[in-house]
Each structure stands twice: as structure tokens, then as C-alpha cells.
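The structure file work_33.cif is reproduced below (mmCIF, C-alpha atoms).
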data_protein
#
loop_
_atom_site.label_atom_id
_atom_site.label_comp_id
_atom_site.auth_asym_id
_atom_site.auth_seq_id
_atom_site.Cartn_x
_atom_site.Cartn_y
_atom_site.Cartn_z
CA MET A 24 -11.25 -127.07 -100.22
CA SER A 25 -13.70 -126.55 -103.11
CA LYS A 26 -17.05 -124.96 -102.36
CA ARG A 27 -20.32 -126.64 -103.22
CA ASP A 28 -22.49 -125.29 -106.03
CA LEU A 29 -24.92 -122.77 -104.49
CA TYR A 30 -27.92 -124.16 -106.38
CA GLU A 31 -27.00 -127.62 -105.10
CA VAL A 32 -26.76 -126.28 -101.53
CA LEU A 33 -30.38 -125.05 -101.70
CA GLY A 34 -31.59 -128.02 -103.71
CA VAL A 35 -32.96 -125.98 -106.64
CA ASP A 36 -32.35 -125.92 -110.38
CA LYS A 37 -30.17 -123.25 -111.97
CA GLY A 38 -33.20 -121.63 -113.58
CA ALA A 39 -35.12 -121.37 -110.27
CA GLY A 40 -36.91 -118.09 -109.62
CA LYS A 41 -36.84 -115.97 -106.46
CA ASP A 42 -39.92 -117.55 -104.93
CA GLU A 43 -38.53 -121.05 -105.34
CA ILE A 44 -35.17 -119.98 -103.90
CA LYS A 45 -36.84 -118.29 -100.93
CA LYS A 46 -38.95 -121.37 -100.25
CA ALA A 47 -35.94 -123.69 -100.42
CA TYR A 48 -33.84 -121.47 -98.16
CA ARG A 49 -36.61 -121.04 -95.60
CA LYS A 50 -37.05 -124.82 -95.38
CA LEU A 51 -33.33 -125.38 -94.76
CA ALA A 52 -33.04 -122.45 -92.35
CA MET A 53 -35.95 -123.72 -90.25
CA LYS A 54 -34.38 -127.19 -90.19
CA TYR A 55 -30.83 -126.17 -89.27
CA HIS A 56 -31.44 -122.99 -87.25
CA PRO A 57 -29.14 -123.00 -84.16
CA ASP A 58 -32.09 -122.36 -81.85
CA ARG A 59 -33.56 -125.66 -82.99
CA ASN A 60 -30.19 -127.43 -82.89
CA PRO A 61 -28.34 -126.17 -79.80
CA ASP A 62 -24.67 -127.18 -79.54
CA ASN A 63 -24.83 -128.83 -82.97
CA ALA A 64 -21.82 -127.65 -84.99
CA GLU A 65 -22.86 -129.56 -88.12
CA ALA A 66 -26.33 -127.95 -88.15
CA GLU A 67 -24.79 -124.51 -87.60
CA ALA A 68 -22.43 -125.06 -90.54
CA LYS A 69 -25.31 -126.10 -92.82
CA PHE A 70 -27.32 -123.08 -91.68
CA LYS A 71 -24.42 -120.76 -92.58
CA GLU A 72 -23.89 -122.50 -95.92
CA ALA A 73 -27.56 -122.20 -96.87
CA SER A 74 -27.67 -118.54 -95.76
CA SER A 75 -24.57 -117.77 -97.81
CA ALA A 76 -26.07 -119.42 -100.89
CA ALA A 77 -29.38 -117.59 -100.49
CA GLU A 78 -27.62 -114.25 -99.97
CA VAL A 79 -26.02 -114.58 -103.40
CA LEU A 80 -28.91 -116.10 -105.35
CA LEU A 81 -31.49 -113.62 -104.06
CA ASP A 82 -29.36 -110.65 -105.19
CA GLU A 83 -29.69 -110.12 -108.95
CA ASN A 84 -26.19 -108.66 -109.37
CA LYS A 85 -24.44 -111.33 -107.30
CA LYS A 86 -26.47 -114.08 -108.94
CA SER A 87 -25.48 -112.80 -112.40
CA ARG A 88 -21.79 -112.77 -111.46
CA TYR A 89 -22.06 -116.23 -109.90
CA ASP A 90 -23.80 -117.67 -112.96
CA GLN A 91 -21.04 -116.26 -115.18
CA PHE A 92 -17.89 -116.77 -113.09
CA GLY A 93 -18.86 -119.19 -110.32
CA HIS A 94 -17.55 -118.60 -106.79
CA ALA A 95 -14.78 -116.39 -108.14
CA GLY A 96 -17.40 -113.84 -109.18
CA VAL A 97 -18.76 -113.37 -105.66
CA ASP A 98 -15.91 -114.17 -103.29
CA GLY A 99 -15.28 -111.11 -101.17
CA GLN A 100 -18.59 -109.56 -102.32
CA GLY A 101 -20.74 -110.55 -99.37
CA GLY A 102 -21.13 -114.17 -100.35
CA GLY A 103 -18.85 -115.59 -97.71
CA GLY A 104 -21.47 -116.51 -95.16
CA PHE A 105 -24.53 -115.13 -93.42
CA GLY A 106 -23.58 -111.95 -91.59
CA GLY A 107 -20.02 -112.37 -92.80
CA GLY A 108 -19.36 -109.06 -94.50
CA GLY A 109 -22.12 -108.21 -96.92
CA GLY A 110 -22.75 -104.74 -95.49
CA GLY A 111 -25.64 -105.82 -93.24
CA ASP A 112 -28.42 -105.18 -95.82
CA PHE A 113 -29.60 -108.62 -96.81
CA GLY A 114 -32.79 -107.58 -98.66
CA ASP A 115 -35.02 -110.57 -99.32
CA LEU A 116 -32.83 -112.73 -97.14
CA GLY A 117 -33.38 -110.41 -94.20
CA ASP A 118 -37.15 -110.64 -94.63
CA ILE A 119 -37.01 -114.41 -94.67
CA PHE A 120 -34.69 -114.47 -91.65
CA GLY A 121 -37.11 -112.21 -89.80
CA ASP A 122 -39.97 -114.59 -90.55
CA ILE A 123 -37.91 -117.51 -89.30
CA PHE A 124 -37.21 -115.69 -86.05
CA GLY A 125 -40.95 -115.21 -85.64
CA ASP A 126 -41.69 -118.91 -86.21
CA ILE A 127 -38.99 -120.13 -83.85
CA LEU A 128 -39.45 -117.61 -81.06
CA GLY A 129 -43.19 -117.03 -81.50
CA GLY A 130 -42.70 -113.31 -82.11
CA GLY A 131 -44.32 -110.88 -84.51
CA ARG A 132 -42.75 -108.24 -86.71
CA ARG A 133 -42.76 -104.63 -85.67
CA GLY A 134 -42.34 -101.42 -87.60
CA GLY A 135 -38.83 -100.05 -87.92
CA GLY A 136 -37.16 -103.46 -87.88
CA GLY A 137 -37.62 -103.98 -84.13
CA ARG A 138 -39.20 -107.15 -82.83
CA ARG A 139 -41.83 -107.57 -80.17
CA ARG A 140 -44.18 -110.23 -78.98
CA SER A 141 -47.64 -109.08 -78.12
CA ALA A 142 -48.55 -109.44 -74.46
CA ALA A 143 -52.13 -110.21 -75.43
CA ARG A 144 -52.94 -113.86 -74.86
CA PRO A 145 -56.21 -115.74 -75.25
CA GLY A 146 -58.06 -116.95 -72.19
CA ASN A 147 -58.28 -120.61 -71.30
CA ASP A 148 -60.99 -122.84 -72.71
CA LEU A 149 -63.38 -124.25 -70.12
CA GLN A 150 -65.57 -127.34 -70.02
CA MET A 151 -68.60 -128.30 -67.97
CA ALA A 152 -71.30 -130.99 -67.99
CA LEU A 153 -74.97 -130.21 -68.56
CA GLU A 154 -77.60 -132.74 -67.51
CA VAL A 155 -80.70 -132.84 -69.71
CA GLU A 156 -83.76 -135.06 -69.69
CA PHE A 157 -84.30 -137.70 -72.38
CA ALA A 158 -87.13 -135.76 -74.04
CA GLU A 159 -85.21 -132.46 -73.84
CA ALA A 160 -82.38 -134.00 -75.84
CA ALA A 161 -84.86 -135.50 -78.31
CA PHE A 162 -86.78 -132.31 -79.06
CA GLY A 163 -84.30 -129.59 -78.04
CA CYS A 164 -84.56 -127.08 -75.23
CA GLU A 165 -83.00 -123.98 -73.75
CA LYS A 166 -81.20 -124.27 -70.42
CA THR A 167 -79.59 -121.76 -68.07
CA ILE A 168 -76.19 -122.72 -66.71
CA GLN A 169 -74.05 -121.09 -64.06
CA ILE A 170 -70.31 -120.92 -64.53
CA THR A 171 -67.42 -119.44 -62.56
CA ARG A 172 -64.73 -118.03 -64.84
CA LEU A 173 -62.02 -115.38 -65.04
CA ALA A 174 -63.55 -112.14 -66.32
CA ASP A 175 -62.16 -108.63 -66.80
CA CYS A 176 -61.71 -107.09 -63.37
CA GLY A 177 -64.64 -104.79 -62.61
CA THR A 178 -62.44 -102.43 -60.61
CA CYS A 179 -59.62 -101.73 -63.09
CA HIS A 180 -61.52 -102.85 -66.22
CA GLY A 181 -58.75 -105.23 -67.19
CA SER A 182 -55.80 -102.81 -66.97
CA GLY A 183 -54.39 -104.32 -63.78
CA ALA A 184 -53.52 -100.86 -62.43
CA LYS A 185 -55.01 -99.26 -59.34
CA GLU A 186 -57.61 -96.57 -59.97
CA GLY A 187 -55.90 -93.24 -60.60
CA SER A 188 -52.65 -94.85 -61.75
CA LYS A 189 -51.51 -96.30 -65.02
CA PRO A 190 -48.87 -98.69 -66.32
CA VAL A 191 -45.34 -97.32 -66.81
CA THR A 192 -42.62 -98.18 -69.30
CA CYS A 193 -40.87 -101.42 -68.38
CA ASP A 194 -37.37 -100.69 -67.07
CA MET A 195 -35.99 -104.04 -68.23
CA CYS A 196 -36.75 -103.74 -71.94
CA GLY A 197 -37.25 -99.97 -72.21
CA GLY A 198 -40.75 -100.43 -73.61
CA MET A 199 -39.67 -102.67 -76.49
CA GLY A 200 -41.29 -105.75 -75.01
CA GLU A 201 -38.20 -107.80 -75.75
CA VAL A 202 -34.68 -108.36 -74.53
CA ARG A 203 -31.73 -109.45 -76.64
CA ARG A 204 -29.03 -111.99 -75.91
CA GLN A 205 -26.02 -113.20 -77.85
CA GLN A 206 -26.17 -116.80 -79.03
CA GLY A 207 -23.32 -118.08 -81.10
CA PHE A 208 -22.70 -115.84 -84.08
CA PHE A 209 -25.96 -113.86 -83.97
CA THR A 210 -28.28 -112.06 -81.56
CA VAL A 211 -31.56 -113.61 -80.39
CA SER A 212 -34.55 -111.54 -79.28
CA GLN A 213 -36.86 -112.90 -76.59
CA THR A 214 -40.01 -111.69 -74.90
CA CYS A 215 -39.23 -109.56 -71.87
CA PRO A 216 -39.76 -111.74 -68.78
CA LYS A 217 -40.72 -108.77 -66.62
CA CYS A 218 -43.54 -107.26 -68.70
CA SER A 219 -44.39 -110.38 -70.77
CA GLY A 220 -43.90 -108.44 -73.98
CA SER A 221 -46.25 -105.55 -73.23
CA GLY A 222 -43.45 -103.00 -72.81
CA GLN A 223 -45.16 -101.76 -69.65
CA SER A 224 -45.15 -102.68 -65.99
CA ILE A 225 -47.60 -101.92 -63.21
CA SER A 226 -46.06 -100.13 -60.24
CA ASP A 227 -49.35 -99.73 -58.33
CA PRO A 228 -51.47 -102.83 -58.99
CA CYS A 229 -55.24 -103.04 -58.59
CA GLY A 230 -56.23 -104.29 -55.15
CA SER A 231 -59.05 -106.45 -56.51
CA CYS A 232 -57.13 -108.49 -59.08
CA HIS A 233 -53.57 -107.84 -57.81
CA GLY A 234 -52.47 -106.55 -61.19
CA GLU A 235 -53.66 -109.47 -63.29
CA GLY A 236 -56.56 -107.57 -64.83
CA ARG A 237 -58.90 -110.53 -64.31
CA ALA A 238 -60.96 -111.81 -61.40
CA ARG A 239 -63.23 -114.81 -60.82
CA LYS A 240 -66.89 -114.13 -61.48
CA ARG A 241 -70.01 -116.28 -61.40
CA THR A 242 -72.12 -115.84 -64.52
CA ASP A 243 -75.44 -117.19 -65.81
CA LEU A 244 -75.49 -118.23 -69.47
CA SER A 245 -78.29 -119.41 -71.72
CA VAL A 246 -77.55 -122.59 -73.71
CA LYS A 247 -79.64 -123.75 -76.66
CA VAL A 248 -79.63 -127.54 -76.79
CA PRO A 249 -80.45 -128.65 -80.37
CA ALA A 250 -83.01 -131.39 -81.01
CA GLY A 251 -81.38 -134.78 -81.54
CA ILE A 252 -78.18 -134.16 -79.58
CA ASP A 253 -76.70 -137.34 -78.13
CA HIS A 254 -75.04 -138.25 -74.86
CA GLY A 255 -71.41 -137.07 -74.65
CA GLN A 256 -71.63 -134.59 -77.52
CA ARG A 257 -70.31 -131.07 -76.91
CA LEU A 258 -71.69 -127.62 -77.56
CA LYS A 259 -69.17 -124.84 -78.16
CA LEU A 260 -69.90 -121.37 -76.78
CA SER A 261 -67.28 -119.17 -78.45
CA GLY A 262 -65.65 -116.55 -76.23
CA GLU A 263 -67.45 -117.72 -73.09
CA GLY A 264 -64.37 -119.22 -71.42
CA ASP A 265 -61.84 -117.29 -69.34
CA ALA A 266 -61.25 -113.68 -70.40
CA GLY A 267 -58.09 -113.00 -72.40
CA ILE A 268 -54.98 -111.38 -70.97
CA LYS A 269 -53.97 -107.83 -71.94
CA GLY A 270 -56.79 -107.54 -74.46
CA GLY A 271 -56.49 -111.05 -75.85
CA PRO A 272 -59.61 -112.91 -77.00
CA GLY A 273 -61.66 -114.91 -74.52
CA GLY A 274 -61.42 -118.68 -74.44
CA ASP A 275 -64.30 -120.95 -75.42
CA LEU A 276 -66.71 -122.86 -73.21
CA TYR A 277 -67.49 -126.47 -74.09
CA VAL A 278 -70.73 -127.88 -72.68
CA VAL A 279 -70.78 -131.70 -72.54
CA ILE A 280 -74.28 -133.17 -72.74
CA ASP A 281 -75.25 -135.74 -70.09
CA ILE A 282 -78.63 -137.31 -70.93
CA GLN A 283 -80.62 -138.82 -68.08
CA GLU A 284 -81.92 -142.36 -68.48
CA HIS A 285 -85.62 -142.73 -69.28
CA GLU A 286 -87.86 -145.15 -67.41
CA LEU A 287 -89.42 -146.48 -70.64
CA PHE A 288 -87.18 -145.66 -73.60
CA GLU A 289 -83.63 -146.48 -74.65
CA ARG A 290 -81.85 -144.62 -77.41
CA ASP A 291 -80.04 -146.14 -80.39
CA GLY A 292 -78.85 -143.34 -82.66
CA PHE A 293 -82.06 -141.58 -83.64
CA ASP A 294 -84.26 -144.62 -82.93
CA VAL A 295 -85.83 -145.38 -79.55
CA HIS A 296 -86.58 -148.82 -78.15
CA CYS A 297 -89.42 -149.68 -75.81
CA THR A 298 -90.54 -153.01 -74.28
CA ILE A 299 -94.33 -153.55 -74.47
CA PRO A 300 -95.80 -156.23 -72.15
CA ILE A 301 -98.98 -158.03 -73.31
CA SER A 302 -100.93 -160.99 -71.95
CA PHE A 303 -101.14 -164.54 -73.34
CA SER A 304 -104.67 -163.97 -74.52
CA LYS A 305 -103.87 -160.72 -76.38
CA ALA A 306 -100.85 -162.32 -78.01
CA ALA A 307 -102.94 -165.30 -79.15
CA LEU A 308 -106.09 -163.46 -80.17
CA GLY A 309 -104.62 -160.12 -81.23
CA ALA A 310 -105.65 -156.78 -79.77
CA ASP A 311 -105.56 -153.02 -80.14
CA ILE A 312 -103.29 -151.61 -77.42
CA GLU A 313 -102.13 -148.15 -76.38
CA VAL A 314 -98.39 -147.64 -76.68
CA PRO A 315 -96.37 -144.74 -75.22
CA THR A 316 -94.17 -142.68 -77.57
CA LEU A 317 -92.14 -139.51 -77.16
CA ASP A 318 -95.05 -137.67 -78.81
CA GLY A 319 -97.71 -139.23 -76.55
CA LYS A 320 -99.84 -142.39 -76.65
CA VAL A 321 -100.78 -144.05 -79.94
CA SER A 322 -103.00 -147.05 -80.74
CA VAL A 323 -101.25 -150.08 -82.20
CA LYS A 324 -102.83 -153.31 -83.53
CA VAL A 325 -101.06 -156.45 -82.29
CA PRO A 326 -101.78 -159.27 -84.75
CA ALA A 327 -103.12 -162.62 -83.56
CA GLY A 328 -100.45 -165.23 -82.86
CA THR A 329 -97.78 -162.64 -81.91
CA GLN A 330 -94.74 -164.32 -80.39
CA ALA A 331 -92.65 -163.10 -77.47
CA GLY A 332 -89.69 -161.01 -78.70
CA LYS A 333 -91.45 -159.82 -81.86
CA LYS A 334 -90.36 -156.33 -82.97
CA MET A 335 -92.81 -153.80 -84.33
CA ARG A 336 -91.70 -150.51 -85.84
CA LEU A 337 -93.48 -147.17 -85.54
CA LYS A 338 -92.17 -144.95 -88.34
CA GLY A 339 -91.19 -141.39 -87.43
CA LYS A 340 -91.81 -141.84 -83.71
CA GLY A 341 -88.14 -141.66 -82.73
CA ILE A 342 -85.77 -138.75 -82.18
CA GLN A 343 -85.47 -135.75 -84.48
CA ARG A 344 -82.28 -135.88 -86.50
CA LEU A 345 -79.74 -133.14 -85.90
CA GLY A 346 -80.39 -130.36 -88.37
CA GLY A 347 -84.12 -131.08 -88.53
CA TYR A 348 -84.13 -133.63 -91.37
CA GLY A 349 -86.76 -136.15 -90.28
CA GLN A 350 -87.06 -138.39 -87.24
CA GLY A 351 -85.94 -141.88 -86.31
CA ASP A 352 -88.35 -144.72 -85.52
CA GLN A 353 -89.66 -146.34 -82.36
CA ILE A 354 -89.03 -150.07 -82.13
CA MET A 355 -91.42 -151.99 -79.86
CA HIS A 356 -90.21 -155.25 -78.34
CA ILE A 357 -93.22 -157.44 -77.52
CA HIS A 358 -92.96 -159.23 -74.18
CA VAL A 359 -95.63 -161.89 -73.58
CA GLU A 360 -96.13 -162.06 -69.83
CA THR A 361 -96.55 -165.30 -67.90
CA PRO A 362 -98.78 -164.71 -64.87
CA GLN A 363 -97.02 -165.49 -61.59
CA LYS A 364 -100.16 -165.83 -59.45
CA ILE A 365 -103.47 -167.14 -60.75
CA SER A 366 -106.87 -167.76 -59.17
CA LYS A 367 -108.55 -171.16 -58.92
CA GLU A 368 -110.83 -170.24 -61.80
CA GLN A 369 -107.89 -169.16 -63.95
CA GLU A 370 -106.05 -172.35 -63.13
CA GLU A 371 -109.03 -174.42 -64.32
CA LEU A 372 -109.18 -172.42 -67.54
CA PHE A 373 -105.47 -172.91 -68.20
CA GLN A 374 -105.83 -176.64 -67.51
CA LYS A 375 -108.62 -176.86 -70.03
CA LEU A 376 -106.63 -174.76 -72.52
CA SER A 377 -103.63 -177.06 -72.19
CA GLU A 378 -105.76 -179.94 -73.44
CA PHE A 379 -105.95 -178.17 -76.79
CA ASP A 380 -102.19 -177.59 -77.06
CA ASN A 381 -100.89 -179.48 -80.08
CA GLU A 382 -98.22 -179.34 -82.72
CA VAL A 383 -100.44 -177.42 -85.10
CA SER A 384 -101.04 -174.51 -82.73
CA ASN A 385 -97.44 -174.50 -81.52
CA PRO A 386 -95.21 -174.92 -84.61
CA MET A 387 -92.03 -173.80 -82.83
CA SER A 388 -92.45 -176.58 -80.26
CA ARG A 389 -92.93 -179.13 -83.01
CA GLY A 390 -89.71 -178.12 -84.72
CA PHE A 391 -87.78 -178.08 -81.44
CA PHE A 392 -88.80 -181.57 -80.34
CA ASP A 393 -88.17 -182.96 -83.81
CA LYS A 394 -84.57 -181.77 -83.48
CA VAL A 395 -84.32 -183.32 -80.01
CA LYS A 396 -85.44 -186.70 -81.40
CA ASP A 397 -82.85 -186.54 -84.18
CA LEU A 398 -80.12 -185.61 -81.72
CA PHE A 399 -80.62 -188.57 -79.37
CA GLN A 400 -81.51 -191.30 -81.84
#
As C-alpha cells, please, write out the structure in this file.
Amino acid sequence: MSKRDLYEVLGVDKGAGKDEIKKAYRKLAMKYHPDRNPDNAEAEAKFKEASSAAEVLLDENKKSRYDQFGHAGVDGQGGGGFGGGGGGDFGDLGDIFGDIFGDILGGGRRGGGGRRRSAARPGNDLQMALEVEFAEAAFGCEKTIQITRLADCGTCHGSGAKEGSKPVTCDMCGGMGEVRRQQGFFTVSQTCPKCSGSGQSISDPCGSCHGEGRARKRTDLSVKVPAGIDHGQRLKLSGEGDAGIKGGPGGDLYVVIDIQEHELFERDGFDVHCTIPISFSKAALGADIEVPTLDGKVSVKVPAGTQAGKKMRLKGKGIQRLGGYGQGDQIMHIHVETPQKISKEQEELFQKLSEFDNEVSNPMSRGFFDKVKDLFQ
């Protein structure tokens, strides 16, 4: 059976350089690696074929012979398959294969060709809610929160070993932090299940943390809430989550903002809305009224003839924008109140006032009843 062209196997042109060949091989090796395709004979065959092609094309001497004589120039010279008789020194191919092992198994490279996963692992991220008042969210504030998290054990200082003792070399992996097993035609390295890759085990664990190196601790933290933050937004406190394991970095703490409702204001982005009640007489005659804002009371002129539902805008009286670039506005919704209980004197005045009601003073009524006439004619 004729063999496929090695450049065709890797999907590169004949003039491809080393970097292009490495990249092509790595892509195929990651795709067809037996660990990613268990019990898949076709994938294993493609993995071997790609490895064999890369072994030849990444070796200058073999590549030269192959370019000149084809497969006849390299048959029996280490080009018969990955691990199939090339003397065990694969050069660039070995480096790539080592990287692939790291990606698939999650391991890191170690001096001397050995492999070992670090036992250090980051701590878990945590999340909590923080309730703030409406004005605190608008203008910013500083709050103190209390959180219970896993911190380095105060007794053993994170080592996990009882005072006066120390970790010993793991008897399962001999301190390598990894164990090896045979899978198919090659050997796979995995993190030691007994020491979790640290290469050490604790024979006399700390009584406070039972060898974990971490214990639950209640801590007070100061949180700066920026002006303009909105409901549901999160603040990230880097490294303030659970402590890491075996020297790993701490997790992060996410503080979710919960803004209390305000008795007067409602928020819409960086604008605030407020309903302002006024009397019939003030709406008809106009008046200067005091209006509440987040900054305090301000005087506002309500023009004569103001209708119920009219909106008036107070520039710059809203919420500070995140980052400090200006403020939103306050939108006032005018509500003309109808009195529910009136005195005899007021009733007489309203009766007299009603005698002056006409289409000129009430243009909306005129338009409405004109439409009613047209509808039922």
C-alpha cells in the first residue's frame, strides 16, 4: 500500500518552514490524540501518521532525503511512526509532544524532562449582596462588610502540618507529583492522587485545619461604592475570596449592589423621576414651589395653565455618572390634585367657578367633545 505524501498528511506546502510545520502538526495531534479519542482506532492511526510525518519534516537531514528520494530516502531511518524506532530523541517533535501532554492533562513542564502538575490551586470566588441606600448609590460611599471565608490556617500558617512536624515525600509518586500509566502505545503521566501533585504528604496533620491548610474565618472588609452605581451591578475585590491551596492565589469576592427603594425618587439610568403634587389654583395661576432633589430643596416656577401629567426637567439634578463625567437630570411629573373633602365655603367657590368654565378656558375639553359629536353623528 502506497504511503501518503508527508506534506499532504500535515496539510502544508512543500516549501513550508519549521514554524508552519510545527503549527500544523500540533493542530492535528491535539485533534487526534488518543486521550481525546479513547478506543478510536481511526484517530489513533491519524495521530501516528501525523507524528511520523512531523518527525521527518522537522529533522533537516531526514527532510532533505525525503525531498530528494521520497519515502525511500527515510524508510528505516526513524520515519516509520511516532516512537517506532527513531532512537527516542525526537527534537522539536518531542517539545511539541510535551506541550500537547500539558494541554490535554493540564500539567506543566519540569526540568530534566520529568512532568509534574503544581499542587497550588486558586481559591474559590465568592459572592455576596450589599444593601445601599438610594443616595449612597447616587453619590458613592464606603461601607464595611463582614464575610466568612476560607483563610490560611492561623495554627499551621497554611502548611497543613502539625506544629513541630513537616510534610514528607509522598510514597506513591516518590516526590515527583505524578504517576505514570500505560495507555495504548505510549505512557501517560497523571497528577498523583495521593499528594495532588505536591510530591509531599502530611503524616501528622494540623489539628485546627485537619491538614487542609485553610480554616473558616470571619473578616471585616471595607468596600468603596462608586458614585452612580446601579442596582445589580457587581464590584470585584481581587484576592478577597477563599485563600488558595498550597500557595495558590486567593479567589475574588464579588459584591452585588442592592439599592433600597426611595420614598420620593425613582431611578432611570442616571436620571431620577419625582411626582410633584400641586393644587388646582396653583396649576391655573402658576406658582413658585419648593421641590426636593438629591442635593436638597430647590425653587421651581410652575407656569400658569400647567396641565396634569406635565413633565419639567431640572438639568444636572440627577445621579452622577460612573467615572465622574457629569450628572443626569431630575424629571418632575406634575400631578394636579382634586380635593376629596371641601368645606361649604369652598363648595360655593367651586360652584361659582364652574359658571365660568367654557371652551376657551378648557381647550382639551372642546377638542374631546368635538370628536364625540363626529363619532355619533
*Might you spell out which residues the PyMOL selection byres ((chain A and resi 353) around 12) would select in the displayed file, as an MDAnalysis selection string?*
chainID A and resid 287:299 314:318 321 334:343 350:352 354:356
Output of the above residues as a compact mmCIF listing (two decimals), in the coordinates of the input, restricted to C-alpha atoms:
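The resulting file, part_23.txt, is shown below:
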# COMPACT_ATOMS: atom_id res chain seq x y z
CA LEU A 287 -89.42 -146.48 -70.64
CA PHE A 288 -87.18 -145.66 -73.60
CA GLU A 289 -83.63 -146.48 -74.65
CA ARG A 290 -81.85 -144.62 -77.41
CA ASP A 291 -80.04 -146.14 -80.39
CA GLY A 292 -78.85 -143.34 -82.66
CA PHE A 293 -82.06 -141.58 -83.64
CA ASP A 294 -84.26 -144.62 -82.93
CA VAL A 295 -85.83 -145.38 -79.55
CA HIS A 296 -86.58 -148.82 -78.15
CA CYS A 297 -89.42 -149.68 -75.81
CA THR A 298 -90.54 -153.01 -74.28
CA ILE A 299 -94.33 -153.55 -74.47
CA VAL A 314 -98.39 -147.64 -76.68
CA PRO A 315 -96.37 -144.74 -75.22
CA THR A 316 -94.17 -142.68 -77.57
CA LEU A 317 -92.14 -139.51 -77.16
CA ASP A 318 -95.05 -137.67 -78.81
CA VAL A 321 -100.78 -144.05 -79.94
CA LYS A 334 -90.36 -156.33 -82.97
CA MET A 335 -92.81 -153.80 -84.33
CA ARG A 336 -91.70 -150.51 -85.84
CA LEU A 337 -93.48 -147.17 -85.54
CA LYS A 338 -92.17 -144.95 -88.34
CA GLY A 339 -91.19 -141.39 -87.43
CA LYS A 340 -91.81 -141.84 -83.71
CA GLY A 341 -88.14 -141.66 -82.73
CA ILE A 342 -85.77 -138.75 -82.18
CA GLN A 343 -85.47 -135.75 -84.48
CA GLN A 350 -87.06 -138.39 -87.24
CA GLY A 351 -85.94 -141.88 -86.31
CA ASP A 352 -88.35 -144.72 -85.52
CA ILE A 354 -89.03 -150.07 -82.13
CA MET A 355 -91.42 -151.99 -79.86
CA HIS A 356 -90.21 -155.25 -78.34
*Best match for closeness to Tyr55 in chain A among A:Val325, A:Ala73, A:Ala39, A:Ile225, counting all atoms listed in the file*: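 Among A:Val325, A:Ala73, A:Ala39, A:Ile225, it is A:Ala73 that comes nearest to Tyr55 in chain A.
Pairwise distance (CA of Thr171 in chain A, CA of Leu276 in chain A) equals 11.2 Å.
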*Kindly indicate which residue among A:Leu29, A:Gly93, A:Leu372, A:Lys240 lies nearest to Glu78 in chain A, using only C-alpha atoms for the distances.*
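Checking each candidate against Glu78 in chain A, we get A:Leu29 as the closest.
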Distance query Asp275 in chain A at most 7 Å, all atoms listed in the file, self and fewer than 6 positions along chain excluded, as a PDB file with C-alpha atoms, in the coordinates of the input:
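To be explicit, this is the file written out as part-v7.pdb:
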ATOM      1  CA  ASP A 148     -60.990-122.840 -72.710  1.00  0.00           C
ATOM      2  CA  LEU A 149     -63.380-124.250 -70.120  1.00  0.00           C
ATOM      3  CA  LYS A 259     -69.170-124.840 -78.160  1.00  0.00           C
ATOM      4  CA  LEU A 260     -69.900-121.370 -76.780  1.00  0.00           C
ATOM      5  CA  SER A 261     -67.280-119.170 -78.450  1.00  0.00           C
ATOM      6  CA  GLY A 262     -65.650-116.550 -76.230  1.00  0.00           C
ATOM      7  CA  GLU A 263     -67.450-117.720 -73.090  1.00  0.00           C
ATOM      8  CA  GLY A 264     -64.370-119.220 -71.420  1.00  0.00           C
TER       9      GLY A 264
END
*Using only C-alpha atoms: which of A:Lys217, A:Arg204, A:His180, A:His254 has the shortest distance to Ser231 in chain A*: A:His180
*What is the CA of Pro145 in chain A-CA of Gly270 in chain A distance in Å, reported with one decimal?*
8.3 Å
*Can you turn the PyMOL selection byres ((chain A and resi 307) around 10) into a concrete residue list for this file, as a ChimeraX atom specification?*
/A:302-306,308-310,325-330,359
_Evaluate the PyMOL selection byres ((chain A and resi 167) around 10) and report residues as number ranges by chain_ = A: 153, 165-166, 168-170, 243-247
*Have a look at CA of Tyr48 in chain A and CA of Thr214 in chain A and let me know their distance in Å, one decimal.*
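Separation between CA of Tyr48 in chain A and CA of Thr214 in chain A: 26.0 Å.
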